[in-house]
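S.K.: Dropping a structure here in structure tokens format, bear with me for questions.
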Amino acid sequence: MAEYKEKLRLESESFMKKQEIKVQKETKQSKMDSNIKSPEALLELERVKMRLAKQRAIKEASKTTDSVEIDVGEGKQTVSEEMRKRAELVRKQMGPKHDEFRTMKPTDQGEKSRKDRERQSTAQRDKRSDRVSDRSKGLEDDSNKKKIKFKLPKKGQEVTLPLTISVDGLAKLLNVPNFHLLRKMRRIGMDKLANNYILSNEEAADIALEYDVVPIIPEDKGPELYPQKLPEDMSAHPLRPPVVTIMGHVDHGKTTLLDTLRSSSITATEAGGITQHIGAFSVDLKSGQNITFLDTPGHAAFSAMRARGANATDIVVLVVAADDGVMPQTKEAIQHALEADVPIIVAINKCDKPGADPSAIHNELLKHGIQTEELGGDIQAVKISALKGTGMDELAETIVTLAEVLDLRAEVDIPAHATVIESQVEKGRGSVASVLVKRGTLRAGDVVVAGTTWCKVRGMTDDRGKAVKSAGPACAVRVMGWKEIPRAGDLVLQAGSEQNAKDVVANRIEKRTNRERLATISELNDDRRSENERSESTREAEIAFRRAAASFKKGLRTTYPTKAEFMQKVSRTEAASEAANEGAKPEPLVVPIVIKGDVSGTVEAVSESLEKLPSSKIRINIIGTGVGPVTESDVAMAGAGSQGVVIAFNVKADKKTLSVAKREGVEVKTFRIIYNLLEDVEKLLVSRLPPILVEEIRGEAVVQQTFDITLRAGLTTTVAGCRVTTGAVARANKMRVLRSGTEVHTGPASSLKNEKHDIAEATKGQEFGVSFDDFEGVKEGDVIQSLHYNEVPQKLN
């Protein structure tokens, strides 16, 4: 009995020590959470102290008595008297809610505590998930974290902003945390909420203003040339020749009119008899008056040339054929002239042709805003025949009279101001540009700038090829010495020196590069947004994997998860999204094209015309343009990654370049007439589209009997004995098997025989046997159709 008591005492002491340690921990935790004074917490603390008192009483009793059953009622009352008073006070404050909790069974209380802990754990887990999601976007909420102390930028502090800057870079520049900067961005309604998004300097300035700092955007300055202001009184300057632009529809006689005035034959030298360049010519009239004419193309493809001609002129001569009337390019020419706000003279051509009705032209022009003098307006109309020279003197007199009324004057003692009419590469001369001097005087040896290139004038020639040393206002000359080919329509300004010209060109190139960078910001941010979404999906999958692993450890999941299954869900979601986007609208085929031409204006016209072709099924991607002959680099550009095409308009490619193109699989197509170019390109695009297959039934046969035949390898096959009822059944065609009008099989025939002889075709009334490789279910009474597919080319529209 004594040994048993001693054993019991030792076990009780060990148990009590463990319980004391546990109680001490619980008591320490209760003290640490002293801010929580709920009645539930007080009652839990009361139960802990009561349990401690009971355990201590058991320990004392085991030392002094032989019995293990002791009464601890008084000890219970004595130890917990103070706590019971506090609990009673809480009970009075809480009312019925406190009594309800006291009447709960211990198991109910434990169940409620367990549910509370699970609810709290779920809430914490959701918060962690939200924080991870926000962290991926840089929007992590710091409400549950240790507050980060930082200093805001000083008010009025100046901050210099670059052209573009990332969100992270702007945060470092302002010396503020990323989450704080993103909060400011969200406040002002910006949607670029990610650390790696790119901001323009204007967007960055809006954000910087939220911090009360002064954003400084460096002015886009640098060496630049500007045209001089026009003098207030032009009467002190000499008169200049008028610049007259001839406009109208194709084949209405514009160039023939100019030939008659110049006593030349320009039309005979032009491909197809149509003008495909903008030309500048100086004409001396019988009266001694000098006029500069600009001849513009009439084809629809050269709209930009006509617009430049209208903007560079003083007077527009609108040529309308009396036998053809107002045509599409006539309407366009009228629109260009009205937009340029220049006076118009109407030349009604081909009045000598049978069936011509010049009076009807006035009514047609009135419909488009041109009211001639015959109908009470102020626009002069002259009836001419450019081919016979009829009415040409009257037209010239009308132009001179209108020029005198306009009182056209210009400065001659200032640096040259000019406009590029055309530019091209000439053998032995290099880059050459036709320019029209507007103000000042251009001399040999001058340094001029046009767009992003410059030139030290090495030489000048007039429209007849004669060398000239200087060109005054309204003179058109061809200038040699350009470092690169200038663009048609560029303004030409004189620089003080070569170094000044180089600095101006470098500054303009830098500005152009900056504009291109700004234009790509949106595309870059879209790519980064997609990348961030993919990264976020991956992180969410990792979080889901960790949750599933935790559930397995708690016994809430029977199998341990694998990370691959969660990543596969992400991949399937992304694939489904991409498939949905692709299914919405199929992307058209793309044909890469490089365009080379003789002059910059025609290259521009060809590019614009090709871009207007229908692009729902197939489209053109112009990957390069240039002036001059086709080179190997052009072929390499067109052949990079796909079968491209090089279009050469009025230029050629040497034999070496053609051999390289053949090796690379690149087509080099040369043209001299714009009509042929557009037609051939359309045919090229159609040839790249897959043809439409149209089914045609060439013959039918009825299965009369089936046979099972043993082959050499011991295998058996079913042969259908048939008779042709209509047309012919060919071995090369596909076969369709119909049963009671329903298709049961379509495929090629493996054999077609007549009396053990292979045949290529069975005609009407002939019997034959046929078998199929992948179909053995043919039955008596089935109908076999012989199918032929015709390829029909698609259309662009």
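Just so we're on the same page: first chain in the structure tokens is A, next is B, and so on; residues restart at 1 for each chain, and ligands are numbered from 1 in the order they show up.
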Do you know which residues are at most 12 Å from Lys596 (chain A) counting only C-alpha atoms, after dropping those on the same chain fewer than 5 positions away, and could you put them as an mmCIF file with N, CA and C atoms, in the first residue's frame?
M.R.:
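This is the output file result37.cif:
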data_model
loop_
_atom_site.group_PDB
_atom_site.id
_atom_site.type_symbol
_atom_site.label_atom_id
_atom_site.label_comp_id
_atom_site.auth_asym_id
_atom_site.auth_seq_id
_atom_site.Cartn_x
_atom_site.Cartn_y
_atom_site.Cartn_z
ATOM 1 N N GLN A 424 15.357 62.018 -105.628
ATOM 2 C CA GLN A 424 15.681 60.732 -106.207
ATOM 3 C C GLN A 424 17.197 60.525 -106.184
ATOM 4 N N VAL A 425 17.619 59.312 -106.567
ATOM 5 C CA VAL A 425 19.039 58.985 -106.676
ATOM 6 C C VAL A 425 19.372 58.862 -108.154
ATOM 7 N N GLY A 601 8.335 60.729 -104.116
ATOM 8 C CA GLY A 601 6.889 60.917 -104.231
ATOM 9 C C GLY A 601 6.177 59.684 -104.719
ATOM 10 N N THR A 602 6.749 58.989 -105.705
ATOM 11 C CA THR A 602 6.100 57.786 -106.209
ATOM 12 C C THR A 602 6.155 56.657 -105.180
ATOM 13 N N VAL A 603 7.245 56.582 -104.415
ATOM 14 C CA VAL A 603 7.323 55.574 -103.349
ATOM 15 C C VAL A 603 6.213 55.812 -102.331
ATOM 16 N N GLU A 604 6.009 57.068 -101.986
ATOM 17 C CA GLU A 604 4.935 57.417 -101.050
ATOM 18 C C GLU A 604 3.572 57.056 -101.628
ATOM 19 N N ALA A 605 3.368 57.361 -102.923
ATOM 20 C CA ALA A 605 2.084 57.069 -103.558
ATOM 21 C C ALA A 605 1.817 55.570 -103.628
ATOM 22 N N VAL A 606 2.825 54.795 -103.985
ATOM 23 C CA VAL A 606 2.660 53.339 -104.056
ATOM 24 C C VAL A 606 2.356 52.768 -102.674
ATOM 25 N N SER A 607 3.048 53.240 -101.662
ATOM 26 C CA SER A 607 2.820 52.746 -100.296
ATOM 27 C C SER A 607 1.382 53.012 -99.855
ATOM 28 N N ILE A 622 4.222 46.691 -95.117
ATOM 29 C CA ILE A 622 5.331 47.391 -95.765
ATOM 30 C C ILE A 622 6.455 47.535 -94.745
ATOM 31 N N ILE A 623 7.485 46.719 -94.897
ATOM 32 C CA ILE A 623 8.567 46.678 -93.915
ATOM 33 C C ILE A 623 9.729 47.581 -94.287
ATOM 34 N N GLY A 624 9.689 48.157 -95.485
ATOM 35 C CA GLY A 624 10.776 49.041 -95.875
ATOM 36 C C GLY A 624 10.467 49.754 -97.172
ATOM 37 N N THR A 625 10.918 51.004 -97.283
ATOM 38 C CA THR A 625 10.775 51.774 -98.508
ATOM 39 C C THR A 625 12.092 52.503 -98.772
ATOM 40 N N GLY A 626 12.282 52.914 -100.002
ATOM 41 C CA GLY A 626 13.500 53.645 -100.325
ATOM 42 C C GLY A 626 13.512 54.083 -101.770
ATOM 43 N N VAL A 627 14.427 54.985 -102.047
ATOM 44 C CA VAL A 627 14.607 55.507 -103.401
ATOM 45 C C VAL A 627 15.919 54.971 -103.956
ATOM 46 N N GLY A 628 15.879 54.463 -105.186
ATOM 47 C CA GLY A 628 17.078 53.927 -105.810
ATOM 48 C C GLY A 628 16.882 52.491 -106.238
ATOM 49 N N PRO A 629 17.882 51.888 -106.869
ATOM 50 C CA PRO A 629 17.762 50.506 -107.353
ATOM 51 C C PRO A 629 17.647 49.501 -106.210
ATOM 52 N N VAL A 630 17.154 48.312 -106.545
ATOM 53 C CA VAL A 630 17.002 47.241 -105.556
ATOM 54 C C VAL A 630 18.384 46.697 -105.203
ATOM 55 N N THR A 631 18.638 46.539 -103.902
ATOM 56 C CA THR A 631 19.926 46.045 -103.425
ATOM 57 C C THR A 631 19.744 44.713 -102.705
ATOM 58 N N SER A 633 20.444 44.129 -99.645
ATOM 59 C CA SER A 633 19.866 44.365 -98.317
ATOM 60 C C SER A 633 18.344 44.424 -98.382
ATOM 61 N N ASP A 634 17.794 44.949 -99.480
ATOM 62 C CA ASP A 634 16.340 44.951 -99.660
ATOM 63 C C ASP A 634 15.811 43.526 -99.755
ATOM 64 N N VAL A 635 16.523 42.677 -100.477
ATOM 65 C CA VAL A 635 16.123 41.272 -100.607
ATOM 66 C C VAL A 635 16.205 40.573 -99.255
ATOM 67 N N ALA A 638 13.220 41.580 -97.095
ATOM 68 C CA ALA A 638 11.951 40.963 -97.509
ATOM 69 C C ALA A 638 11.928 39.478 -97.208
ATOM 70 N N VAL A 645 8.183 40.125 -100.799
ATOM 71 C CA VAL A 645 8.173 40.606 -102.171
ATOM 72 C C VAL A 645 8.856 41.964 -102.192
ATOM 73 N N VAL A 646 9.663 42.202 -103.207
ATOM 74 C CA VAL A 646 10.270 43.515 -103.440
ATOM 75 C C VAL A 646 9.605 44.103 -104.677
ATOM 76 N N ILE A 647 9.001 45.278 -104.518
ATOM 77 C CA ILE A 647 8.359 45.971 -105.633
ATOM 78 C C ILE A 647 9.277 47.098 -106.087
ATOM 79 N N ALA A 648 9.668 47.059 -107.343
ATOM 80 C CA ALA A 648 10.559 48.067 -107.905
ATOM 81 C C ALA A 648 9.782 48.883 -108.928
ATOM 82 N N PHE A 649 9.578 50.167 -108.636
ATOM 83 C CA PHE A 649 8.813 51.048 -109.530
ATOM 84 C C PHE A 649 9.777 51.988 -110.242
ATOM 85 N N ASN A 650 9.925 51.778 -111.540
ATOM 86 C CA ASN A 650 10.824 52.578 -112.379
ATOM 87 C C ASN A 650 12.290 52.442 -111.979
ATOM 88 N N VAL A 651 12.633 51.369 -111.283
ATOM 89 C CA VAL A 651 14.033 51.069 -110.972
ATOM 90 C C VAL A 651 14.268 49.586 -111.277
ATOM 91 N N LYS A 652 15.535 49.188 -111.310
ATOM 92 C CA LYS A 652 15.881 47.822 -111.653
ATOM 93 C C LYS A 652 16.765 47.197 -110.579
ATOM 94 N N ALA A 653 16.971 45.891 -110.711
ATOM 95 C CA ALA A 653 17.893 45.151 -109.850
ATOM 96 C C ALA A 653 18.932 44.477 -110.739
ATOM 97 N N VAL A 668 11.033 39.556 -106.944
ATOM 98 C CA VAL A 668 11.332 40.948 -107.284
ATOM 99 C C VAL A 668 10.487 41.305 -108.496
ATOM 100 N N LYS A 669 9.521 42.193 -108.309
ATOM 101 C CA LYS A 669 8.607 42.574 -109.366
ATOM 102 C C LYS A 669 8.890 44.020 -109.768
ATOM 103 N N THR A 670 9.131 44.241 -111.049
ATOM 104 C CA THR A 670 9.414 45.583 -111.556
ATOM 105 C C THR A 670 8.209 46.103 -112.344
ATOM 106 N N PHE A 671 7.952 47.416 -112.203
ATOM 107 C CA PHE A 671 6.813 48.055 -112.864
ATOM 108 C C PHE A 671 7.231 49.439 -113.345
ATOM 109 N N ARG A 672 6.510 49.907 -114.380
ATOM 110 C CA ARG A 672 6.706 51.266 -114.876
ATOM 111 C C ARG A 672 5.415 52.051 -114.872
#
S.K.: Let's see if you can do this: from backbone DSSP, list all alpha helix (DSSP H) residues in region 300-407 of chain A, as a VMD selection string.
M.R.: chain A and resid 303 to 311 328 to 340 358 to 366 392 to 406
S.K.: Write the selection just made, keeping N, CA and C atoms, as a short mmCIF file (atom, residue, chain, number, x, y, z; two decimals), in the first residue's frame?
M.R.:
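Result file out-v3.cif:
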data_model
loop_
_atom_site.label_atom_id
_atom_site.label_comp_id
_atom_site.auth_asym_id
_atom_site.auth_seq_id
_atom_site.Cartn_x
_atom_site.Cartn_y
_atom_site.Cartn_z
N SER A 303 -2.53 61.07 -104.64
CA SER A 303 -3.29 62.10 -103.92
C SER A 303 -2.37 63.02 -103.12
N ALA A 304 -1.36 62.46 -102.47
CA ALA A 304 -0.45 63.27 -101.64
C ALA A 304 0.32 64.26 -102.50
N MET A 305 0.70 63.85 -103.72
CA MET A 305 1.40 64.77 -104.62
C MET A 305 0.50 65.95 -104.98
N ARG A 306 -0.77 65.67 -105.27
CA ARG A 306 -1.68 66.76 -105.62
C ARG A 306 -1.88 67.71 -104.45
N ALA A 307 -1.94 67.16 -103.25
CA ALA A 307 -2.09 68.01 -102.07
C ALA A 307 -0.87 68.91 -101.89
N ARG A 308 0.34 68.37 -102.11
CA ARG A 308 1.55 69.20 -101.99
C ARG A 308 1.58 70.28 -103.05
N GLY A 309 1.13 69.93 -104.26
CA GLY A 309 1.10 70.92 -105.33
C GLY A 309 0.15 72.06 -105.02
N ALA A 310 -0.99 71.74 -104.44
CA ALA A 310 -1.96 72.79 -104.11
C ALA A 310 -1.44 73.70 -103.00
N ASN A 311 -0.68 73.16 -102.07
CA ASN A 311 -0.18 73.97 -100.95
C ASN A 311 1.06 74.78 -101.31
N PRO A 328 -13.60 61.56 -110.54
CA PRO A 328 -13.18 61.48 -109.13
C PRO A 328 -11.95 62.33 -108.78
N GLN A 329 -10.90 62.29 -109.60
CA GLN A 329 -9.71 63.07 -109.27
C GLN A 329 -9.93 64.56 -109.51
N THR A 330 -10.91 64.90 -110.36
CA THR A 330 -11.29 66.31 -110.51
C THR A 330 -11.90 66.82 -109.20
N LYS A 331 -12.76 66.02 -108.62
CA LYS A 331 -13.38 66.39 -107.34
C LYS A 331 -12.31 66.53 -106.26
N GLU A 332 -11.37 65.60 -106.25
CA GLU A 332 -10.31 65.66 -105.24
C GLU A 332 -9.45 66.90 -105.42
N ALA A 333 -9.14 67.25 -106.68
CA ALA A 333 -8.34 68.44 -106.95
C ALA A 333 -9.07 69.69 -106.48
N ILE A 334 -10.38 69.75 -106.70
CA ILE A 334 -11.17 70.89 -106.22
C ILE A 334 -11.08 70.99 -104.70
N GLN A 335 -11.18 69.86 -104.03
CA GLN A 335 -11.10 69.86 -102.57
C GLN A 335 -9.74 70.36 -102.08
N HIS A 336 -8.65 69.88 -102.72
CA HIS A 336 -7.31 70.33 -102.32
C HIS A 336 -7.15 71.83 -102.53
N ALA A 337 -7.65 72.35 -103.65
CA ALA A 337 -7.51 73.77 -103.94
C ALA A 337 -8.31 74.62 -102.95
N LEU A 338 -9.52 74.17 -102.62
CA LEU A 338 -10.34 74.93 -101.67
C LEU A 338 -9.71 74.90 -100.27
N GLU A 339 -9.15 73.75 -99.88
CA GLU A 339 -8.52 73.67 -98.57
C GLU A 339 -7.27 74.53 -98.50
N ALA A 340 -6.51 74.63 -99.61
CA ALA A 340 -5.32 75.47 -99.64
C ALA A 340 -5.66 76.95 -99.79
N PRO A 358 -19.03 71.72 -123.64
CA PRO A 358 -18.39 72.56 -122.62
C PRO A 358 -19.37 73.22 -121.66
N SER A 359 -20.58 73.56 -122.17
CA SER A 359 -21.55 74.24 -121.30
C SER A 359 -22.00 73.36 -120.15
N ALA A 360 -22.03 72.03 -120.36
CA ALA A 360 -22.45 71.13 -119.28
C ALA A 360 -21.42 71.07 -118.15
N ILE A 361 -20.16 71.41 -118.47
CA ILE A 361 -19.11 71.38 -117.45
C ILE A 361 -19.39 72.41 -116.36
N HIS A 362 -19.91 73.57 -116.73
CA HIS A 362 -20.18 74.62 -115.75
C HIS A 362 -21.19 74.14 -114.70
N ASN A 363 -22.23 73.45 -115.15
CA ASN A 363 -23.24 72.95 -114.21
C ASN A 363 -22.67 71.85 -113.30
N GLU A 364 -21.82 71.00 -113.87
CA GLU A 364 -21.21 69.95 -113.04
C GLU A 364 -20.29 70.54 -111.98
N LEU A 365 -19.52 71.56 -112.37
CA LEU A 365 -18.61 72.19 -111.41
C LEU A 365 -19.38 72.90 -110.30
N LEU A 366 -20.54 73.46 -110.64
CA LEU A 366 -21.35 74.16 -109.65
C LEU A 366 -21.78 73.23 -108.52
N MET A 392 -4.91 78.72 -125.99
CA MET A 392 -3.77 78.72 -125.07
C MET A 392 -3.32 80.14 -124.74
N ASP A 393 -3.37 81.06 -125.72
CA ASP A 393 -2.99 82.43 -125.44
C ASP A 393 -3.95 83.07 -124.44
N GLU A 394 -5.23 82.77 -124.59
CA GLU A 394 -6.22 83.31 -123.66
C GLU A 394 -5.98 82.78 -122.24
N LEU A 395 -5.62 81.50 -122.14
CA LEU A 395 -5.36 80.91 -120.82
C LEU A 395 -4.13 81.57 -120.18
N ALA A 396 -3.07 81.77 -120.99
CA ALA A 396 -1.86 82.40 -120.46
C ALA A 396 -2.15 83.83 -120.02
N GLU A 397 -2.95 84.56 -120.81
CA GLU A 397 -3.29 85.94 -120.45
C GLU A 397 -4.11 85.97 -119.16
N THR A 398 -4.99 85.00 -118.99
CA THR A 398 -5.80 84.93 -117.76
C THR A 398 -4.91 84.70 -116.55
N ILE A 399 -3.92 83.81 -116.69
CA ILE A 399 -3.01 83.53 -115.56
C ILE A 399 -2.21 84.78 -115.20
N VAL A 400 -1.68 85.49 -116.23
CA VAL A 400 -0.88 86.69 -115.97
C VAL A 400 -1.73 87.77 -115.32
N THR A 401 -2.95 87.94 -115.78
CA THR A 401 -3.83 88.97 -115.21
C THR A 401 -4.12 88.68 -113.75
N LEU A 402 -4.41 87.42 -113.43
CA LEU A 402 -4.70 87.06 -112.04
C LEU A 402 -3.47 87.24 -111.17
N ALA A 403 -2.28 86.95 -111.73
CA ALA A 403 -1.05 87.13 -110.96
C ALA A 403 -0.82 88.60 -110.65
N GLU A 404 -1.13 89.50 -111.61
CA GLU A 404 -0.98 90.93 -111.35
C GLU A 404 -1.94 91.39 -110.26
N VAL A 405 -3.13 90.84 -110.26
CA VAL A 405 -4.10 91.20 -109.21
C VAL A 405 -3.60 90.74 -107.85
N LEU A 406 -2.99 89.57 -107.80
CA LEU A 406 -2.51 89.04 -106.51
C LEU A 406 -1.28 89.79 -106.01
#
S.K.: Do you have the CA of Asn349 (chain A)-CA of Ala381 (chain A) distance handy?
M.R.: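 Separation between CA of Asn349 (chain A) and CA of Ala381 (chain A): 10.5 Å.
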S.K.: Using only C-alpha atoms, which of A:Thr313, A:Thr453, A:Asn514, A:Thr520 sits nearest Asp490 (chain A)?
M.R.: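 For Asp490 (chain A), the nearest of the given residues is A:Thr453.
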S.K.: Can you tell me, as a ChimeraX atom specification, which residues in region 337-567 of chain A count as strand (DSSP E) by DSSP?
M.R.: /A:344-349,381-383,417-426,430-439,442-443,447-450,453-461,467-468,470-471,476-482,491-495
S.K.: Got time to write the residues from that selection, C-alpha atoms, as a compact mmCIF listing (two decimals), in the first residue's frame?
M.R.:
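part_12.txt was written with the following content:
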# COMPACT_ATOMS: atom_id res chain seq x y z
CA ILE A 344 -8.75 78.65 -109.35
CA ILE A 345 -8.86 78.96 -113.13
CA VAL A 346 -10.86 76.30 -115.02
CA ALA A 347 -9.45 75.08 -118.34
CA ILE A 348 -12.10 73.16 -120.28
CA ASN A 349 -9.99 70.97 -122.57
CA ALA A 381 -13.23 79.37 -117.25
CA VAL A 382 -11.32 79.14 -120.55
CA LYS A 383 -12.18 76.80 -123.43
CA HIS A 417 13.39 79.30 -98.03
CA ALA A 418 12.30 76.44 -100.32
CA THR A 419 10.14 73.32 -100.55
CA VAL A 420 11.20 69.86 -101.75
CA ILE A 421 9.08 68.90 -104.77
CA GLU A 422 10.70 65.54 -105.54
CA SER A 423 13.88 63.65 -104.64
CA GLN A 424 15.68 60.73 -106.21
CA VAL A 425 19.04 58.98 -106.68
CA GLU A 426 20.74 59.60 -110.01
CA GLY A 430 23.95 60.77 -106.01
CA SER A 431 20.98 62.17 -104.09
CA VAL A 432 19.21 64.89 -106.05
CA ALA A 433 16.18 66.94 -105.00
CA SER A 434 13.92 69.20 -107.03
CA VAL A 435 13.17 72.26 -104.88
CA LEU A 436 10.97 75.29 -105.37
CA VAL A 437 12.46 78.47 -103.90
CA LYS A 438 9.77 80.45 -102.07
CA ARG A 439 11.76 83.31 -100.53
CA LEU A 442 19.68 79.86 -103.15
CA ARG A 443 23.28 79.82 -104.39
CA VAL A 447 24.36 74.85 -96.74
CA VAL A 448 20.69 73.93 -96.39
CA VAL A 449 18.68 71.58 -94.17
CA ALA A 450 15.53 69.66 -95.12
CA THR A 453 19.17 65.58 -93.81
CA TRP A 454 21.35 68.42 -95.01
CA CYS A 455 23.18 69.48 -98.14
CA LYS A 456 26.04 71.66 -99.24
CA VAL A 457 24.84 72.74 -102.67
CA ARG A 458 27.33 71.20 -105.06
CA GLY A 459 25.45 72.23 -108.16
CA MET A 460 22.04 73.28 -109.52
CA THR A 461 20.27 72.80 -112.85
CA ALA A 467 23.49 74.62 -114.88
CA VAL A 468 22.59 77.68 -112.81
CA SER A 470 21.60 80.94 -108.17
CA ALA A 471 17.83 80.60 -107.94
CA ALA A 476 12.41 75.46 -109.54
CA VAL A 477 15.88 73.87 -109.59
CA ARG A 478 17.45 70.48 -109.08
CA VAL A 479 19.93 70.55 -106.20
CA MET A 480 22.83 68.10 -105.87
CA GLY A 481 24.95 67.32 -102.82
CA TRP A 482 22.46 65.89 -100.30
CA LEU A 491 10.82 72.63 -95.85
CA VAL A 492 14.31 73.68 -96.94
CA LEU A 493 16.05 76.31 -94.79
CA GLN A 494 19.52 77.72 -95.08
CA ALA A 495 22.02 77.08 -92.25
